[in-house]
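J.: Quick one: structure below, then a few questions.
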Amino acid sequence: MSWLDGLKAKILIDEPLSRHTTLRVAGPRARLWVEPETSADLSMLLRRAKDKKVRYLIIGSGSKLLIKRKVIPLAVHLTSPYFTQCYPEGSRIAAGGGLSLSKLVKTAYDNGLGGLEFLSGIPASVGGAVMLNAGVSWPRRREIGALVDTLEVMDKNGNCRTLERKDLEFDYRHSNLKPYIILGARIRLFKKRKENIRIKMRKFLHYRKATQESGYASAGCIFKNPNGASCGRLIDLCGLKGRRIGDAAISNKHANFIINLGRARYGDVAALMALAQKKVKERFGILLEPELQVV
Ligand code: EPU
């Protein structure tokens with residue numbers, strides 16, 4: 001591909017995207033799958049893609065992504081050592097945007113830094129988690145955004161900048177970071193005994209295991225909780241647990257989870273989502289808003 005000449009990156013052609021989303025919906029492919037080595041390579045890639053009018057999609061861990069289109073022209077994945085760095089700086093941790101959240105949580109534990117335990121077991125990249133302000137509602141609402149000190153970001157023209165705390169806005173599963181690609185984050189933590197960190201991590205993992213689906217491919221919660229209510233509870237009260245369309249099904253364990261029983265297609269998942277929205281709207285007058293990005 002001549003327009004990619006000189007770019008330091010791993011490049012795959014016609015890459016199946018079922019491998020790169022946790023829901024593993026079969027069918028969509030990336031005409032080009034690119035893993036740039038550094039931010040300079042990412043910048044060059046974005047500039048050239050803009051010149052060529054090639055639309056791109058940044059894919060992190062693919063845990064909140066449902067792909068409708070058959071072909072994505074350019075998928076960009078930040079997984080090189082540059083984008084997955086992680087090191088402590090006093091009571092903060094600097095983490096690359098492509099680092100997995102589980103590695104961030106483990107580094108915090110290894111260094112006796114507390115504050116991230118509630119994120120244990122959430123499948124995400126640091127960039128994706130910050131972008132969507134990942135969090136939990138049990139035993140109380142907690143989100144990663146509250147811990148972010150500064151961010152290194154790149155705009156869609158390939159220019160880097162640092163965002164300070166005062167530049168950041170976070171809300172429930174929302175941030176003001178949509179115009180950017182997150183290259184790295186500094187997370188503010190606090191000194192804590194490792195044993196106490198471990199106990200708390202286990203508490204969150206245990207709750208997750210007890211209440212959520214883990215044996216099948218899924219995208220976690222499909223809809224955002226509307227104003228304090230739990231979508232899982234609302235969908236459950238509509239009697240939809242176990243409902244199956246094609247190879248997609250509403251989980252018997254948690255009704256806000258759609259699971260892939262094998263070869264689920266986009267249409268199966270979309271039909272189940274529409275069914276849940278229709279039933280909840282009819283019964284409770286609430287329109288459920290998807291938590292996952294549909295592209
Ligand atoms: N419930 C039901 N039926 C169900 C599911 C839940 O009756 O099928 C009830 C539960 O018994 C509980 C209440 O609903 O009384 C709340 O359930 P849960 O504790 O599982 O929390 P949630 O509101 O459904 C939220 C987050 C989860 C997070 C959990 C735990 C959202 C959309 N979901 O779920 O996040 O793990 O709290 O803190 O905010 C995600 O975003 O992907 C996700 C999994």
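Letters A, B, ... mark the chains of the structure tokens in the order given; residue numbers begin at 1 per chain; ligand numbers begin at 1, in order shown.
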Would you mind listing the residues within 6 Å of ligand 1, counting only C-alpha atoms and all ligand atoms, as a PyMOL selection string?

T.: chain A and resi 136-138+211+220-221+223-225+230+232-233+236+253-255

J.: Need to verify the contact set: segment 272-278 of chain A, 7 Å, only C-alpha atoms, exclusion of same-chain residues closer than 3 positions in sequence. Can you return it as a VMD selection string?

T.: chain A and resid 235 245 268 to 269 281 to 282 287 to 288

J.: Taking only residues of segment 86-135 of chain A that have an atom at most 8 Å from an atom of segment 184-199 of chain A, what is each one's shortest atom pair and its distance in Å to one decimal, using only C-alpha atoms, in chain and number order, as JSON lines?

T.:
```
{"residue": "A:Ser91", "atom": "CA", "partner": "A:Phe190", "partner_atom": "CA", "distance": 5.5}
{"residue": "A:Arg92", "atom": "CA", "partner": "A:Arg188", "partner_atom": "CA", "distance": 4.6}
{"residue": "A:Ile93", "atom": "CA", "partner": "A:Ile187", "partner_atom": "CA", "distance": 5.3}
{"residue": "A:Ala94", "atom": "CA", "partner": "A:Arg186", "partner_atom": "CA", "distance": 4.5}
{"residue": "A:Ala95", "atom": "CA", "partner": "A:Ala185", "partner_atom": "CA", "distance": 5.4}
{"residue": "A:Gly96", "atom": "CA", "partner": "A:Gly184", "partner_atom": "CA", "distance": 4.1}
{"residue": "A:Gly97", "atom": "CA", "partner": "A:Gly184", "partner_atom": "CA", "distance": 4.4}
{"residue": "A:Gly98", "atom": "CA", "partner": "A:Gly184", "partner_atom": "CA", "distance": 7.9}
{"residue": "A:Tyr109", "atom": "CA", "partner": "A:Lys194", "partner_atom": "CA", "distance": 6.2}
{"residue": "A:Asp110", "atom": "CA", "partner": "A:Lys194", "partner_atom": "CA", "distance": 7.4}
{"residue": "A:Asn111", "atom": "CA", "partner": "A:Lys194", "partner_atom": "CA", "distance": 8.0}
{"residue": "A:Gly112", "atom": "CA", "partner": "A:Lys194", "partner_atom": "CA", "distance": 5.1}
{"residue": "A:Leu113", "atom": "CA", "partner": "A:Lys191", "partner_atom": "CA", "distance": 4.7}
{"residue": "A:Gly114", "atom": "CA", "partner": "A:Lys192", "partner_atom": "CA", "distance": 5.3}
{"residue": "A:Gly115", "atom": "CA", "partner": "A:Leu189", "partner_atom": "CA", "distance": 5.5}
{"residue": "A:Leu116", "atom": "CA", "partner": "A:Leu189", "partner_atom": "CA", "distance": 7.6}
{"residue": "A:Glu117", "atom": "CA", "partner": "A:Ile197", "partner_atom": "CA", "distance": 6.7}
{"residue": "A:Val126", "atom": "CA", "partner": "A:Ala185", "partner_atom": "CA", "distance": 7.7}
{"residue": "A:Gly127", "atom": "CA", "partner": "A:Gly184", "partner_atom": "CA", "distance": 7.1}
```

J.: At a cut-off of 12 Å, can you tabulate as JSON lines every residue of segment 66-138 of chain A near segment 8-14 of chain A together with its closest atom pair and the distance in Å to one decimal, using only C-alpha atoms and ordering rows by chain then number?

T.:
```
{"residue": "A:Lys70", "atom": "CA", "partner": "A:Asp14", "partner_atom": "CA", "distance": 11.1}
{"residue": "A:Val71", "atom": "CA", "partner": "A:Asp14", "partner_atom": "CA", "distance": 8.7}
{"residue": "A:Ile72", "atom": "CA", "partner": "A:Asp14", "partner_atom": "CA", "distance": 9.3}
{"residue": "A:Pro73", "atom": "CA", "partner": "A:Asp14", "partner_atom": "CA", "distance": 9.2}
{"residue": "A:Leu74", "atom": "CA", "partner": "A:Ile13", "partner_atom": "CA", "distance": 9.6}
{"residue": "A:Ala75", "atom": "CA", "partner": "A:Leu12", "partner_atom": "CA", "distance": 9.8}
{"residue": "A:Val76", "atom": "CA", "partner": "A:Ile11", "partner_atom": "CA", "distance": 9.6}
{"residue": "A:His77", "atom": "CA", "partner": "A:Lys10", "partner_atom": "CA", "distance": 9.7}
{"residue": "A:Leu78", "atom": "CA", "partner": "A:Ala9", "partner_atom": "CA", "distance": 10.1}
{"residue": "A:Thr79", "atom": "CA", "partner": "A:Lys10", "partner_atom": "CA", "distance": 9.8}
{"residue": "A:Ser80", "atom": "CA", "partner": "A:Ala9", "partner_atom": "CA", "distance": 8.6}
{"residue": "A:Pro81", "atom": "CA", "partner": "A:Ala9", "partner_atom": "CA", "distance": 11.7}
{"residue": "A:Tyr82", "atom": "CA", "partner": "A:Ala9", "partner_atom": "CA", "distance": 11.6}
```

J.: Counting only C-alpha atoms, what is within 12 Å of Leu132 of chain A, bar same-chain residues fewer than 3 positions away, as a ChimeraX atom specification?

T.: /A:60,63-65,124-129,135,143-145,169-178,182,224,291-293

J.: Can you measure atom CA of Glu213 of chain A to atom CA of Asn260 of chain A for me? One decimal in Å is fine.

T.: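 Computing the Euclidean distance for atom CA of Glu213 of chain A and atom CA of Asn260 of chain A yields 11.0 Å.
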
J.: With only C-alpha atoms as the basis for distance, which of A:Ile286, A:Leu151, A:Leu7, A:Ile181 is at the shortest distance from Thr38 of chain A?

T.: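 That would be A:Leu7, the residue with the smallest distance to Thr38 of chain A.
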
J.: Name the closest residue to Arg69 of chain A among the candidates A:Val130, A:Leu147, A:Leu104, A:Ala26; distances are taken between atoms, counting only C-alpha atoms.

T.: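 Checking each candidate against Arg69 of chain A, we get A:Ala26 as the closest.
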
J.: Would you mind writing down, as a VMD selection string, each residue of segment 56-163 of chain A that DSSP on the backbone assigns to strand (DSSP E)?

T.: chain A and resid 56 to 58 65 to 66 71 to 76 86 to 89 92 to 96 113 to 114 135 to 136 142 to 143 148 to 155 160 to 163

J.: Deliver the residues from the most recent selection as a file, using N, CA, C and O atoms, as a short mmCIF file (atom, residue, chain, number, x, y, z; two decimals), in the first residue's frame.

T.:
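To be explicit, this is the file written out as again25.cif:
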```cif
data_model
loop_
_atom_site.label_atom_id
_atom_site.label_comp_id
_atom_site.auth_asym_id
_atom_site.auth_seq_id
_atom_site.Cartn_x
_atom_site.Cartn_y
_atom_site.Cartn_z
N TYR A 56 -11.10 6.18 9.33
CA TYR A 56 -10.47 5.20 10.22
C TYR A 56 -11.28 5.04 11.49
O TYR A 56 -12.12 5.88 11.86
N LEU A 57 -11.00 3.94 12.17
CA LEU A 57 -11.63 3.65 13.45
C LEU A 57 -10.53 3.20 14.40
O LEU A 57 -9.71 2.34 14.06
N ILE A 58 -10.48 3.84 15.58
CA ILE A 58 -9.52 3.39 16.59
C ILE A 58 -10.17 2.23 17.35
O ILE A 58 -11.29 2.37 17.85
N LEU A 65 -17.87 -2.31 21.45
CA LEU A 65 -17.93 -2.04 20.03
C LEU A 65 -18.78 -3.09 19.31
O LEU A 65 -18.55 -4.30 19.47
N LEU A 66 -19.75 -2.60 18.55
CA LEU A 66 -20.58 -3.48 17.71
C LEU A 66 -20.45 -2.97 16.28
O LEU A 66 -20.81 -1.83 15.99
N VAL A 71 -17.20 -3.61 5.88
CA VAL A 71 -15.77 -3.30 5.74
C VAL A 71 -15.44 -1.98 6.43
O VAL A 71 -16.12 -0.98 6.21
N ILE A 72 -14.41 -2.00 7.26
CA ILE A 72 -13.86 -0.77 7.85
C ILE A 72 -12.59 -0.49 7.04
O ILE A 72 -11.70 -1.35 6.98
N PRO A 73 -12.51 0.69 6.41
CA PRO A 73 -11.34 0.92 5.54
C PRO A 73 -10.00 0.86 6.28
O PRO A 73 -9.03 0.31 5.77
N LEU A 74 -9.97 1.44 7.50
CA LEU A 74 -8.71 1.48 8.24
C LEU A 74 -9.00 1.35 9.74
O LEU A 74 -9.70 2.19 10.31
N ALA A 75 -8.49 0.29 10.33
CA ALA A 75 -8.62 0.13 11.79
C ALA A 75 -7.25 0.37 12.40
O ALA A 75 -6.24 -0.16 11.92
N VAL A 76 -7.20 1.20 13.45
CA VAL A 76 -5.93 1.55 14.08
C VAL A 76 -5.93 1.02 15.51
O VAL A 76 -6.88 1.24 16.27
N CYS A 86 3.89 1.43 31.17
CA CYS A 86 3.22 1.60 32.46
C CYS A 86 4.27 1.68 33.55
O CYS A 86 5.05 0.75 33.72
N TYR A 87 4.35 2.81 34.24
CA TYR A 87 5.34 2.91 35.31
C TYR A 87 4.86 3.88 36.39
O TYR A 87 4.13 4.83 36.10
N PRO A 88 5.26 3.58 37.64
CA PRO A 88 4.85 4.48 38.73
C PRO A 88 5.70 5.75 38.75
O PRO A 88 6.87 5.72 38.38
N GLU A 89 5.07 6.83 39.18
CA GLU A 89 5.77 8.12 39.39
C GLU A 89 5.29 8.60 40.74
O GLU A 89 4.27 9.27 40.82
N ARG A 92 1.56 8.34 41.58
CA ARG A 92 0.79 8.29 40.33
C ARG A 92 1.32 7.15 39.46
O ARG A 92 2.41 6.64 39.67
N ILE A 93 0.52 6.77 38.46
CA ILE A 93 1.01 5.81 37.47
C ILE A 93 0.81 6.43 36.10
O ILE A 93 -0.26 6.98 35.81
N ALA A 94 1.86 6.33 35.27
CA ALA A 94 1.74 6.77 33.88
C ALA A 94 1.47 5.52 33.04
O ALA A 94 2.18 4.52 33.16
N ALA A 95 0.41 5.57 32.24
CA ALA A 95 0.01 4.39 31.47
C ALA A 95 -0.29 4.78 30.04
O ALA A 95 -0.93 5.80 29.78
N GLY A 96 0.16 3.94 29.10
CA GLY A 96 -0.15 4.17 27.68
C GLY A 96 -1.62 3.92 27.41
O GLY A 96 -2.25 3.09 28.07
N LEU A 113 -0.10 0.77 45.41
CA LEU A 113 -0.90 1.98 45.16
C LEU A 113 -2.37 1.61 45.07
O LEU A 113 -2.77 0.77 44.23
N GLY A 114 -3.19 2.21 45.90
CA GLY A 114 -4.61 1.89 45.95
C GLY A 114 -5.45 2.88 45.18
O GLY A 114 -4.98 3.98 44.84
N GLY A 135 -16.65 2.38 34.84
CA GLY A 135 -16.85 2.36 36.28
C GLY A 135 -17.81 1.29 36.74
O GLY A 135 -18.20 0.42 35.97
N VAL A 136 -18.17 1.39 38.00
CA VAL A 136 -19.08 0.42 38.61
C VAL A 136 -20.17 1.19 39.36
O VAL A 136 -20.03 2.39 39.64
N ARG A 142 -18.50 4.55 41.16
CA ARG A 142 -17.09 4.96 41.07
C ARG A 142 -16.65 4.87 39.62
O ARG A 142 -16.99 3.90 38.94
N GLU A 143 -15.88 5.86 39.17
CA GLU A 143 -15.46 5.88 37.77
C GLU A 143 -14.00 6.28 37.63
O GLU A 143 -13.48 7.02 38.48
N VAL A 148 -8.12 10.57 36.96
CA VAL A 148 -7.20 11.01 35.90
C VAL A 148 -6.65 12.39 36.22
O VAL A 148 -7.40 13.32 36.50
N ASP A 149 -5.31 12.49 36.20
CA ASP A 149 -4.63 13.75 36.49
C ASP A 149 -4.40 14.54 35.21
O ASP A 149 -4.89 15.64 35.05
N THR A 150 -3.63 13.93 34.30
CA THR A 150 -3.39 14.56 33.00
C THR A 150 -3.49 13.51 31.90
O THR A 150 -3.36 12.31 32.17
N LEU A 151 -3.72 13.96 30.68
CA LEU A 151 -3.80 13.04 29.54
C LEU A 151 -2.93 13.56 28.41
O LEU A 151 -2.88 14.76 28.16
N GLU A 152 -2.25 12.63 27.74
CA GLU A 152 -1.58 12.96 26.47
C GLU A 152 -2.54 12.52 25.38
O GLU A 152 -2.96 11.35 25.36
N VAL A 153 -2.92 13.45 24.52
CA VAL A 153 -3.89 13.11 23.47
C VAL A 153 -3.38 13.57 22.11
O VAL A 153 -2.45 14.38 22.02
N MET A 154 -4.02 13.04 21.07
CA MET A 154 -3.72 13.49 19.71
C MET A 154 -5.05 13.87 19.06
O MET A 154 -6.05 13.16 19.25
N ASP A 155 -5.07 15.01 18.37
CA ASP A 155 -6.32 15.36 17.69
C ASP A 155 -6.38 14.67 16.33
O ASP A 155 -5.43 14.01 15.92
N CYS A 160 -0.32 16.52 18.83
CA CYS A 160 -0.36 16.06 20.22
C CYS A 160 -0.57 17.23 21.16
O CYS A 160 -0.12 18.35 20.88
N ARG A 161 -1.22 16.99 22.26
CA ARG A 161 -1.28 17.99 23.34
C ARG A 161 -1.54 17.31 24.69
O ARG A 161 -1.97 16.15 24.73
N THR A 162 -1.22 18.07 25.74
CA THR A 162 -1.48 17.56 27.09
C THR A 162 -2.75 18.22 27.60
O THR A 162 -2.90 19.44 27.49
N LEU A 163 -3.66 17.41 28.15
CA LEU A 163 -4.85 17.97 28.77
C LEU A 163 -4.69 17.88 30.29
O LEU A 163 -4.31 16.83 30.81
#
```
